[in-house]
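Participant: The file below is query.cif, mmCIF, N, CA and C atoms:
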```cif
data_my_file
loop_
_atom_site.label_atom_id
_atom_site.label_comp_id
_atom_site.auth_asym_id
_atom_site.auth_seq_id
_atom_site.Cartn_x
_atom_site.Cartn_y
_atom_site.Cartn_z
N MET A 1 9.41 -18.93 -10.23
CA MET A 1 10.28 -20.08 -10.12
C MET A 1 9.45 -21.36 -10.17
N LYS A 2 8.34 -21.39 -9.37
CA LYS A 2 7.48 -22.57 -9.34
C LYS A 2 6.88 -22.81 -10.73
N THR A 3 6.48 -21.78 -11.44
CA THR A 3 5.90 -21.91 -12.76
C THR A 3 6.92 -22.48 -13.75
N LYS A 4 8.18 -22.05 -13.60
CA LYS A 4 9.23 -22.54 -14.48
C LYS A 4 9.45 -24.03 -14.25
N ILE A 5 9.42 -24.50 -13.01
CA ILE A 5 9.60 -25.92 -12.68
C ILE A 5 8.40 -26.72 -13.22
N GLU A 6 7.19 -26.18 -13.06
CA GLU A 6 6.01 -26.87 -13.58
C GLU A 6 6.09 -26.97 -15.10
N LEU A 7 6.52 -25.92 -15.75
CA LEU A 7 6.65 -25.91 -17.21
C LEU A 7 7.66 -26.97 -17.67
N ILE A 8 8.77 -27.07 -16.96
CA ILE A 8 9.79 -28.08 -17.30
C ILE A 8 9.22 -29.47 -17.06
N GLY A 9 8.48 -29.67 -15.96
CA GLY A 9 7.87 -30.96 -15.65
C GLY A 9 6.87 -31.38 -16.73
N VAL A 10 6.01 -30.46 -17.14
CA VAL A 10 5.01 -30.76 -18.18
C VAL A 10 5.72 -31.07 -19.50
N SER A 11 6.74 -30.30 -19.84
CA SER A 11 7.50 -30.52 -21.07
C SER A 11 8.16 -31.89 -21.06
N LEU A 12 8.76 -32.25 -19.93
CA LEU A 12 9.41 -33.56 -19.80
C LEU A 12 8.39 -34.68 -19.93
N ALA A 13 7.21 -34.50 -19.31
CA ALA A 13 6.16 -35.51 -19.41
C ALA A 13 5.71 -35.68 -20.86
N LEU A 14 5.55 -34.58 -21.58
CA LEU A 14 5.17 -34.65 -22.99
C LEU A 14 6.23 -35.35 -23.83
N VAL A 15 7.49 -35.08 -23.56
CA VAL A 15 8.58 -35.74 -24.30
C VAL A 15 8.55 -37.24 -24.03
N LEU A 16 8.33 -37.65 -22.78
CA LEU A 16 8.28 -39.07 -22.43
C LEU A 16 7.09 -39.77 -23.10
N VAL A 17 5.94 -39.11 -23.11
CA VAL A 17 4.76 -39.68 -23.77
C VAL A 17 5.02 -39.83 -25.28
N ALA A 18 5.60 -38.80 -25.87
CA ALA A 18 5.90 -38.86 -27.31
C ALA A 18 6.89 -39.99 -27.60
N ALA A 19 7.90 -40.15 -26.76
CA ALA A 19 8.89 -41.22 -26.94
C ALA A 19 8.23 -42.58 -26.81
N ALA A 20 7.35 -42.74 -25.84
CA ALA A 20 6.65 -44.02 -25.65
C ALA A 20 5.79 -44.34 -26.86
N MET A 21 5.11 -43.35 -27.41
CA MET A 21 4.26 -43.56 -28.58
C MET A 21 5.10 -43.94 -29.80
N THR A 22 6.27 -43.32 -29.94
CA THR A 22 7.15 -43.62 -31.06
C THR A 22 7.62 -45.07 -31.00
N VAL A 23 7.98 -45.56 -29.83
CA VAL A 23 8.42 -46.94 -29.66
C VAL A 23 7.28 -47.89 -30.02
N ARG A 24 6.05 -47.58 -29.57
CA ARG A 24 4.91 -48.44 -29.85
C ARG A 24 4.60 -48.50 -31.34
N VAL A 25 4.57 -47.36 -32.02
CA VAL A 25 4.31 -47.32 -33.45
C VAL A 25 5.42 -48.05 -34.20
N SER A 26 6.64 -47.87 -33.77
CA SER A 26 7.78 -48.53 -34.38
C SER A 26 7.67 -50.04 -34.27
N ALA A 27 7.25 -50.55 -33.12
CA ALA A 27 7.09 -51.98 -32.91
C ALA A 27 6.00 -52.54 -33.81
N GLN A 28 4.89 -51.83 -33.97
CA GLN A 28 3.82 -52.27 -34.85
C GLN A 28 4.29 -52.30 -36.29
N HIS A 29 5.06 -51.31 -36.70
CA HIS A 29 5.55 -51.24 -38.06
C HIS A 29 6.48 -52.42 -38.35
N SER A 30 7.32 -52.79 -37.40
CA SER A 30 8.24 -53.91 -37.59
C SER A 30 7.49 -55.20 -37.83
N SER A 31 6.42 -55.46 -37.08
CA SER A 31 5.69 -56.71 -37.27
C SER A 31 4.99 -56.74 -38.62
N VAL A 32 4.53 -55.58 -39.09
CA VAL A 32 3.89 -55.52 -40.40
C VAL A 32 4.93 -55.80 -41.48
N GLU A 33 6.13 -55.21 -41.36
CA GLU A 33 7.18 -55.45 -42.33
C GLU A 33 7.55 -56.93 -42.35
N HIS A 34 7.61 -57.55 -41.19
CA HIS A 34 7.95 -58.97 -41.11
C HIS A 34 6.91 -59.80 -41.86
N ASP A 35 5.63 -59.48 -41.68
CA ASP A 35 4.58 -60.20 -42.39
C ASP A 35 4.73 -60.03 -43.90
N ASN A 36 5.04 -58.81 -44.35
CA ASN A 36 5.20 -58.58 -45.78
C ASN A 36 6.40 -59.32 -46.33
N LYS A 37 7.47 -59.46 -45.54
CA LYS A 37 8.64 -60.18 -46.00
C LYS A 37 8.38 -61.68 -46.03
N SER A 38 7.52 -62.17 -45.15
CA SER A 38 7.25 -63.60 -45.08
C SER A 38 6.49 -64.08 -46.30
N TRP A 39 5.53 -63.32 -46.77
CA TRP A 39 4.69 -63.75 -47.87
C TRP A 39 4.86 -62.77 -49.02
N LYS A 40 5.57 -63.19 -50.03
CA LYS A 40 5.87 -62.34 -51.17
C LYS A 40 4.81 -62.50 -52.26
N LYS A 41 4.88 -61.64 -53.24
CA LYS A 41 4.01 -61.73 -54.41
C LYS A 41 4.87 -62.25 -55.55
N GLY A 42 4.35 -63.22 -56.29
CA GLY A 42 5.10 -63.77 -57.40
C GLY A 42 4.38 -63.55 -58.72
N MET A 43 5.14 -63.67 -59.80
CA MET A 43 4.59 -63.54 -61.15
C MET A 43 4.52 -64.94 -61.75
N LEU A 44 3.34 -65.30 -62.24
CA LEU A 44 3.10 -66.62 -62.80
C LEU A 44 2.63 -66.47 -64.23
N ARG A 45 3.24 -67.21 -65.15
CA ARG A 45 2.82 -67.19 -66.55
C ARG A 45 2.19 -68.54 -66.89
N LEU A 46 0.95 -68.49 -67.35
CA LEU A 46 0.26 -69.70 -67.81
C LEU A 46 0.19 -69.67 -69.32
N PRO A 47 0.97 -70.50 -70.01
CA PRO A 47 0.91 -70.51 -71.46
C PRO A 47 -0.39 -71.12 -71.98
N LYS A 48 -1.02 -71.97 -71.17
CA LYS A 48 -2.31 -72.58 -71.51
C LYS A 48 -3.21 -72.44 -70.29
N SER A 49 -4.50 -72.55 -70.49
CA SER A 49 -5.43 -72.47 -69.36
C SER A 49 -5.17 -73.64 -68.41
N ALA A 50 -5.52 -73.44 -67.14
CA ALA A 50 -5.30 -74.48 -66.12
C ALA A 50 -6.29 -74.27 -64.99
N TRP A 51 -6.59 -75.36 -64.30
CA TRP A 51 -7.44 -75.30 -63.12
C TRP A 51 -6.59 -74.89 -61.92
N ALA A 52 -7.15 -74.02 -61.08
CA ALA A 52 -6.58 -73.67 -59.77
C ALA A 52 -7.71 -73.95 -58.79
N GLY A 53 -7.66 -75.12 -58.15
CA GLY A 53 -8.79 -75.54 -57.33
C GLY A 53 -9.99 -75.74 -58.23
N ASP A 54 -11.09 -75.07 -57.96
CA ASP A 54 -12.32 -75.19 -58.76
C ASP A 54 -12.46 -74.08 -59.81
N ILE A 55 -11.44 -73.25 -59.98
CA ILE A 55 -11.48 -72.13 -60.91
C ILE A 55 -10.59 -72.44 -62.12
N ARG A 56 -11.14 -72.24 -63.29
CA ARG A 56 -10.34 -72.42 -64.51
C ARG A 56 -9.75 -71.07 -64.88
N LEU A 57 -8.42 -70.99 -64.85
CA LEU A 57 -7.72 -69.75 -65.20
C LEU A 57 -7.38 -69.77 -66.69
N LYS A 58 -7.56 -68.63 -67.34
CA LYS A 58 -7.20 -68.49 -68.75
C LYS A 58 -5.67 -68.38 -68.85
N SER A 59 -5.15 -68.62 -70.04
CA SER A 59 -3.72 -68.41 -70.25
C SER A 59 -3.41 -66.93 -70.04
N GLY A 60 -2.21 -66.63 -69.56
CA GLY A 60 -1.83 -65.25 -69.33
C GLY A 60 -0.91 -65.12 -68.13
N MET A 61 -0.69 -63.88 -67.72
CA MET A 61 0.18 -63.56 -66.58
C MET A 61 -0.68 -63.26 -65.36
N TYR A 62 -0.20 -63.74 -64.20
CA TYR A 62 -0.91 -63.55 -62.94
C TYR A 62 0.06 -63.18 -61.83
N HIS A 63 -0.38 -62.32 -60.92
CA HIS A 63 0.29 -62.16 -59.65
C HIS A 63 -0.32 -63.20 -58.72
N VAL A 64 0.52 -63.90 -57.97
CA VAL A 64 0.05 -64.85 -56.98
C VAL A 64 0.61 -64.43 -55.63
N LYS A 65 -0.23 -64.51 -54.62
CA LYS A 65 0.20 -64.12 -53.27
C LYS A 65 -0.48 -65.02 -52.26
N HIS A 66 0.29 -65.40 -51.25
CA HIS A 66 -0.23 -66.20 -50.15
C HIS A 66 -0.80 -65.26 -49.10
N VAL A 67 -2.02 -65.53 -48.65
CA VAL A 67 -2.66 -64.75 -47.59
C VAL A 67 -3.25 -65.71 -46.57
N LEU A 68 -3.48 -65.20 -45.39
CA LEU A 68 -4.14 -65.98 -44.34
C LEU A 68 -5.53 -65.42 -44.11
N ASP A 69 -6.51 -66.30 -44.02
CA ASP A 69 -7.87 -65.93 -43.67
C ASP A 69 -8.19 -66.72 -42.41
N GLY A 70 -7.92 -66.10 -41.25
CA GLY A 70 -8.00 -66.85 -39.99
C GLY A 70 -6.84 -67.83 -39.97
N ASN A 71 -7.15 -69.13 -39.88
CA ASN A 71 -6.12 -70.16 -39.91
C ASN A 71 -6.02 -70.83 -41.28
N THR A 72 -6.77 -70.33 -42.26
CA THR A 72 -6.80 -70.93 -43.58
C THR A 72 -5.80 -70.24 -44.49
N HIS A 73 -4.94 -71.04 -45.13
CA HIS A 73 -3.96 -70.52 -46.07
C HIS A 73 -4.59 -70.48 -47.46
N ILE A 74 -4.40 -69.37 -48.16
CA ILE A 74 -5.04 -69.16 -49.45
C ILE A 74 -4.03 -68.56 -50.42
N ILE A 75 -4.09 -69.00 -51.67
CA ILE A 75 -3.33 -68.36 -52.75
C ILE A 75 -4.32 -67.53 -53.55
N VAL A 76 -3.99 -66.25 -53.75
CA VAL A 76 -4.83 -65.32 -54.49
C VAL A 76 -4.22 -65.11 -55.88
N PHE A 77 -5.06 -65.19 -56.91
CA PHE A 77 -4.63 -64.98 -58.29
C PHE A 77 -5.23 -63.69 -58.81
N LYS A 78 -4.38 -62.80 -59.36
CA LYS A 78 -4.83 -61.55 -59.99
C LYS A 78 -4.16 -61.44 -61.35
N PRO A 79 -4.96 -61.35 -62.43
CA PRO A 79 -4.35 -61.19 -63.76
C PRO A 79 -3.58 -59.87 -63.84
N VAL A 80 -2.52 -59.87 -64.61
CA VAL A 80 -1.75 -58.64 -64.85
C VAL A 80 -1.60 -58.45 -66.35
N THR A 81 -1.57 -57.20 -66.74
CA THR A 81 -1.34 -56.87 -68.14
C THR A 81 -0.19 -55.89 -68.22
N MET A 82 0.51 -55.94 -69.34
CA MET A 82 1.60 -55.00 -69.60
C MET A 82 1.23 -54.25 -70.87
N PRO A 83 0.43 -53.17 -70.73
CA PRO A 83 -0.09 -52.49 -71.91
C PRO A 83 0.98 -51.92 -72.83
N GLY A 84 2.12 -51.55 -72.28
CA GLY A 84 3.18 -50.96 -73.11
C GLY A 84 4.23 -51.97 -73.51
N GLY A 85 4.07 -53.22 -73.13
CA GLY A 85 5.07 -54.25 -73.43
C GLY A 85 6.10 -54.35 -72.33
N LYS A 86 7.11 -55.13 -72.58
CA LYS A 86 8.16 -55.38 -71.58
C LYS A 86 8.86 -54.07 -71.21
N GLY A 87 9.12 -53.90 -69.92
CA GLY A 87 9.80 -52.71 -69.44
C GLY A 87 8.87 -51.56 -69.08
N PHE A 88 7.58 -51.72 -69.32
CA PHE A 88 6.60 -50.70 -68.98
C PHE A 88 5.84 -51.12 -67.73
N PRO A 89 5.08 -50.24 -67.11
CA PRO A 89 4.34 -50.59 -65.89
C PRO A 89 3.39 -51.77 -66.11
N ILE A 90 3.22 -52.52 -65.04
CA ILE A 90 2.31 -53.66 -65.04
C ILE A 90 1.02 -53.22 -64.37
N TRP A 91 -0.12 -53.59 -64.96
CA TRP A 91 -1.42 -53.28 -64.39
C TRP A 91 -1.99 -54.53 -63.76
N GLU A 92 -2.22 -54.48 -62.46
CA GLU A 92 -2.82 -55.62 -61.75
C GLU A 92 -4.33 -55.45 -61.77
N GLU A 93 -5.02 -56.47 -62.25
CA GLU A 93 -6.47 -56.42 -62.33
C GLU A 93 -7.10 -56.98 -61.06
N LYS A 94 -8.42 -57.10 -61.06
CA LYS A 94 -9.14 -57.62 -59.89
C LYS A 94 -8.87 -59.11 -59.71
N GLU A 95 -8.94 -59.52 -58.48
CA GLU A 95 -8.76 -60.93 -58.11
C GLU A 95 -9.73 -61.81 -58.88
N VAL A 96 -9.22 -62.94 -59.42
CA VAL A 96 -10.09 -63.86 -60.15
C VAL A 96 -10.23 -65.21 -59.45
N ALA A 97 -9.34 -65.50 -58.51
CA ALA A 97 -9.44 -66.79 -57.81
C ALA A 97 -8.77 -66.72 -56.44
N ARG A 98 -9.37 -67.45 -55.50
CA ARG A 98 -8.81 -67.69 -54.17
C ARG A 98 -8.86 -69.19 -53.97
N VAL A 99 -7.70 -69.80 -53.77
CA VAL A 99 -7.65 -71.25 -53.66
C VAL A 99 -6.99 -71.62 -52.34
N GLU A 100 -7.68 -72.45 -51.57
CA GLU A 100 -7.13 -72.90 -50.31
C GLU A 100 -5.91 -73.77 -50.58
N CYS A 101 -4.91 -73.64 -49.70
CA CYS A 101 -3.69 -74.42 -49.88
C CYS A 101 -3.14 -74.88 -48.54
N ARG A 102 -2.20 -75.76 -48.64
CA ARG A 102 -1.44 -76.26 -47.49
C ARG A 102 -0.02 -75.76 -47.69
N VAL A 103 0.65 -75.32 -46.63
CA VAL A 103 1.99 -74.76 -46.74
C VAL A 103 3.00 -75.74 -46.15
N GLU A 104 4.05 -76.01 -46.93
CA GLU A 104 5.14 -76.87 -46.48
C GLU A 104 6.45 -76.13 -46.67
N THR A 105 7.42 -76.40 -45.80
CA THR A 105 8.73 -75.79 -45.92
C THR A 105 9.47 -76.42 -47.09
N ALA A 106 10.09 -75.60 -47.92
CA ALA A 106 10.88 -76.08 -49.05
C ALA A 106 12.34 -76.20 -48.63
N THR A 107 13.11 -76.98 -49.37
CA THR A 107 14.53 -77.15 -49.03
C THR A 107 15.32 -75.88 -49.31
N LYS A 108 14.89 -75.10 -50.33
CA LYS A 108 15.56 -73.83 -50.63
C LYS A 108 14.58 -72.90 -51.32
N SER A 109 14.93 -71.61 -51.33
CA SER A 109 14.08 -70.65 -52.03
C SER A 109 14.42 -70.70 -53.52
N VAL A 110 13.51 -70.19 -54.35
CA VAL A 110 13.72 -70.16 -55.79
C VAL A 110 13.82 -68.72 -56.28
N ASN A 111 14.51 -68.52 -57.40
CA ASN A 111 14.67 -67.17 -57.96
C ASN A 111 13.45 -66.73 -58.76
N ASN A 112 12.77 -67.67 -59.39
CA ASN A 112 11.57 -67.39 -60.17
C ASN A 112 10.43 -68.24 -59.62
N THR A 113 9.23 -67.69 -59.64
CA THR A 113 8.08 -68.43 -59.15
C THR A 113 7.97 -69.74 -59.93
N LYS A 114 7.84 -70.82 -59.17
CA LYS A 114 7.84 -72.18 -59.74
C LYS A 114 6.44 -72.78 -59.61
N VAL A 115 5.97 -73.45 -60.66
CA VAL A 115 4.65 -74.06 -60.67
C VAL A 115 4.78 -75.53 -61.04
N VAL A 116 4.05 -76.37 -60.33
CA VAL A 116 3.99 -77.80 -60.64
C VAL A 116 2.56 -78.09 -61.06
N PHE A 117 2.40 -78.72 -62.22
CA PHE A 117 1.08 -79.06 -62.73
C PHE A 117 0.81 -80.55 -62.57
N SER A 118 -0.47 -80.89 -62.56
CA SER A 118 -0.90 -82.28 -62.62
C SER A 118 -2.04 -82.32 -63.63
N LYS A 119 -2.59 -83.49 -63.86
CA LYS A 119 -3.71 -83.65 -64.79
C LYS A 119 -4.94 -84.06 -63.99
N THR A 120 -6.10 -83.52 -64.38
CA THR A 120 -7.36 -83.93 -63.76
C THR A 120 -7.78 -85.25 -64.39
N ASN A 121 -8.83 -85.86 -63.86
CA ASN A 121 -9.35 -87.11 -64.45
C ASN A 121 -9.77 -86.90 -65.90
N ALA A 122 -10.18 -85.68 -66.24
CA ALA A 122 -10.60 -85.37 -67.60
C ALA A 122 -9.41 -85.03 -68.51
N GLY A 123 -8.20 -85.04 -67.94
CA GLY A 123 -7.00 -84.76 -68.73
C GLY A 123 -6.63 -83.29 -68.82
N ASP A 124 -7.32 -82.42 -68.06
CA ASP A 124 -7.00 -80.99 -68.06
C ASP A 124 -5.82 -80.70 -67.14
N ARG A 125 -5.10 -79.62 -67.43
CA ARG A 125 -3.99 -79.18 -66.56
C ARG A 125 -4.56 -78.57 -65.29
N SER A 126 -3.91 -78.89 -64.18
CA SER A 126 -4.33 -78.37 -62.88
C SER A 126 -3.08 -77.95 -62.11
N ILE A 127 -3.14 -76.78 -61.47
CA ILE A 127 -1.99 -76.32 -60.68
C ILE A 127 -1.99 -77.11 -59.37
N LYS A 128 -0.90 -77.82 -59.15
CA LYS A 128 -0.77 -78.66 -57.96
C LYS A 128 -0.02 -77.92 -56.85
N GLU A 129 1.01 -77.17 -57.26
CA GLU A 129 1.90 -76.55 -56.27
C GLU A 129 2.49 -75.28 -56.85
N ILE A 130 2.69 -74.28 -55.97
CA ILE A 130 3.34 -73.02 -56.34
C ILE A 130 4.39 -72.71 -55.29
N GLN A 131 5.58 -72.34 -55.74
CA GLN A 131 6.60 -71.81 -54.84
C GLN A 131 6.94 -70.42 -55.35
N ILE A 132 6.64 -69.42 -54.54
CA ILE A 132 6.82 -68.02 -54.93
C ILE A 132 8.29 -67.63 -54.77
N ALA A 133 8.81 -66.91 -55.76
CA ALA A 133 10.21 -66.49 -55.77
C ALA A 133 10.59 -65.81 -54.46
N GLY A 134 11.71 -66.25 -53.89
CA GLY A 134 12.22 -65.65 -52.66
C GLY A 134 11.70 -66.27 -51.38
N GLU A 135 10.74 -67.18 -51.48
CA GLU A 135 10.19 -67.84 -50.28
C GLU A 135 10.75 -69.26 -50.15
N LYS A 136 10.81 -69.72 -48.92
CA LYS A 136 11.22 -71.10 -48.66
C LYS A 136 10.00 -71.94 -48.28
N PHE A 137 8.89 -71.69 -49.00
CA PHE A 137 7.64 -72.42 -48.73
C PHE A 137 7.08 -72.93 -50.04
N ARG A 138 6.47 -74.10 -49.97
CA ARG A 138 5.71 -74.67 -51.09
C ARG A 138 4.24 -74.55 -50.74
N HIS A 139 3.43 -74.05 -51.66
CA HIS A 139 2.00 -73.89 -51.46
C HIS A 139 1.32 -75.00 -52.25
N ILE A 140 0.80 -76.01 -51.56
CA ILE A 140 0.15 -77.14 -52.19
C ILE A 140 -1.34 -76.82 -52.29
N LEU A 141 -1.83 -76.62 -53.51
CA LEU A 141 -3.23 -76.24 -53.71
C LEU A 141 -4.14 -77.45 -53.52
N LEU A 142 -5.33 -77.20 -52.95
CA LEU A 142 -6.30 -78.27 -52.84
C LEU A 142 -6.78 -78.61 -54.24
N PRO A 143 -6.95 -79.88 -54.53
CA PRO A 143 -7.29 -80.29 -55.90
C PRO A 143 -8.70 -79.87 -56.31
N HIS A 144 -8.93 -79.94 -57.61
CA HIS A 144 -10.25 -79.70 -58.21
C HIS A 144 -11.26 -80.62 -57.53
N THR A 145 -12.49 -80.16 -57.32
CA THR A 145 -13.51 -80.92 -56.61
C THR A 145 -13.64 -82.35 -57.13
N SER A 146 -13.62 -82.53 -58.43
CA SER A 146 -13.78 -83.88 -59.00
C SER A 146 -12.60 -84.78 -58.67
N GLU A 147 -11.48 -84.19 -58.24
CA GLU A 147 -10.28 -84.99 -57.92
C GLU A 147 -10.19 -85.34 -56.44
N ARG A 148 -11.01 -84.70 -55.61
CA ARG A 148 -10.95 -84.96 -54.17
C ARG A 148 -11.62 -86.29 -53.84
N ARG A 149 -11.13 -86.91 -52.81
CA ARG A 149 -11.72 -88.21 -52.41
C ARG A 149 -12.53 -88.08 -51.18
#
```
Using C-alpha cells, write down the structure that the file contains.
Facilitator:
Amino acid sequence: MKTKIELIGVSLALVLVAAAMTVRVSAQHSSVEHDNKSWKKGMLRLPKSAWAGDIRLKSGMYHVKHVLDGNTHIIVFKPVTMPGGKGFPIWEEKEVARVECRVETATKSVNNTKVVFSKTNAGDRSIKEIQIAGEKFRHILLPHTSERR
C-alpha cells in the first residue's frame, strides 16, 4: 500500500514538472514568434545600382531585413536569384551589406516593400529609407560617408 502511494506521488511530481517545463518552453516560443512578427523580411528590386550607406549595391533583387545588434538597428541586404524564373524557388545568397539605420513609426503599413532614394553629392542614387511590406516602421538608413556632416 505504501509503495503504491509513493508511486502515485512520484508520478504526480513528474507530471507537474513536465507541465511546468511545457509552460516555460511555450512562453519562450511566444516571445520568439513575436520578434519574428515584428521584423519581417522584404523583397527589394534595384533596377540600377545604388548606395546603401557605404556599400554600393548592384542592380538586382535583394531580401532586406531589420535586425538588432545590441541597441543598434541594422538593415541587412542579401541578393536573391530566381534560377527557374517567376514562380520557382528563390535562392538567397550571402549577406552583402549591413547598414545602420534609425527606426521611425509609419502612419500605415505597406503591401509591397517601399524604397525612397536620394542623390549623393556625386549624383549617384542612394537608398534613404526602406519600409518593409507588412510593417508599420520606416527604416532611415545612415547616409553615405561623404554625405555625413
Participant: To one decimal place, how far is CA of Arg102 (chain A) from atom N of Ile74 (chain A) in Å?
Facilitator: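 Rounded to one decimal, the two atoms are 7.5 Å apart.
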Participant: So which residues touch Gly42 (chain A) within 12 Å, counting only C-alpha atoms, skipping near sequence neighbours fewer than 6 positions away, as a list in words?
Facilitator: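 Near neighbours after the sequence-gap exclusion: Met61, Tyr62, His63, Val64, Lys65, His66, Ile75, Val76, Phe77, Lys78, Pro79, Val80, Val110, Asn111, Asn112, Thr113, Lys114, Val115, Ile130, Gln131, Ile132, Ala133, Gly134 and Glu135 of chain A.
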Participant: Find the residue from A:Lys41, A:Val103, A:His139, A:Ala50 that sits nearest to Asp124 (chain A); use only N, CA and C atoms when measuring.
Facilitator: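 Selected residue with least distance to Asp124 (chain A): A:Ala50.
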Participant: Using DSSP assignments from the backbone, pull out every residue in region 27-148 of chain A that falls under strand (DSSP E or B) and give it to me as JSON, numbers by chain.
Facilitator: {"A": [41, 42, 43, 44, 45, 46, 50, 51, 52, 55, 56, 57, 60, 61, 62, 63, 64, 65, 66, 67, 68, 69, 72, 73, 74, 75, 76, 77, 78, 79, 80, 81, 91, 92, 97, 98, 99, 100, 101, 102, 103, 104, 105, 114, 115, 116, 117, 118, 119, 125, 126, 127, 128, 129, 130, 131, 137, 138, 139, 140, 141]}
Participant: Which residue is closest to Ile55 (chain A)? Choose from A:Arg138, A:Val96, A:Ser118, A:Glu104 and count only N, CA and C atoms.
Facilitator: A:Val96
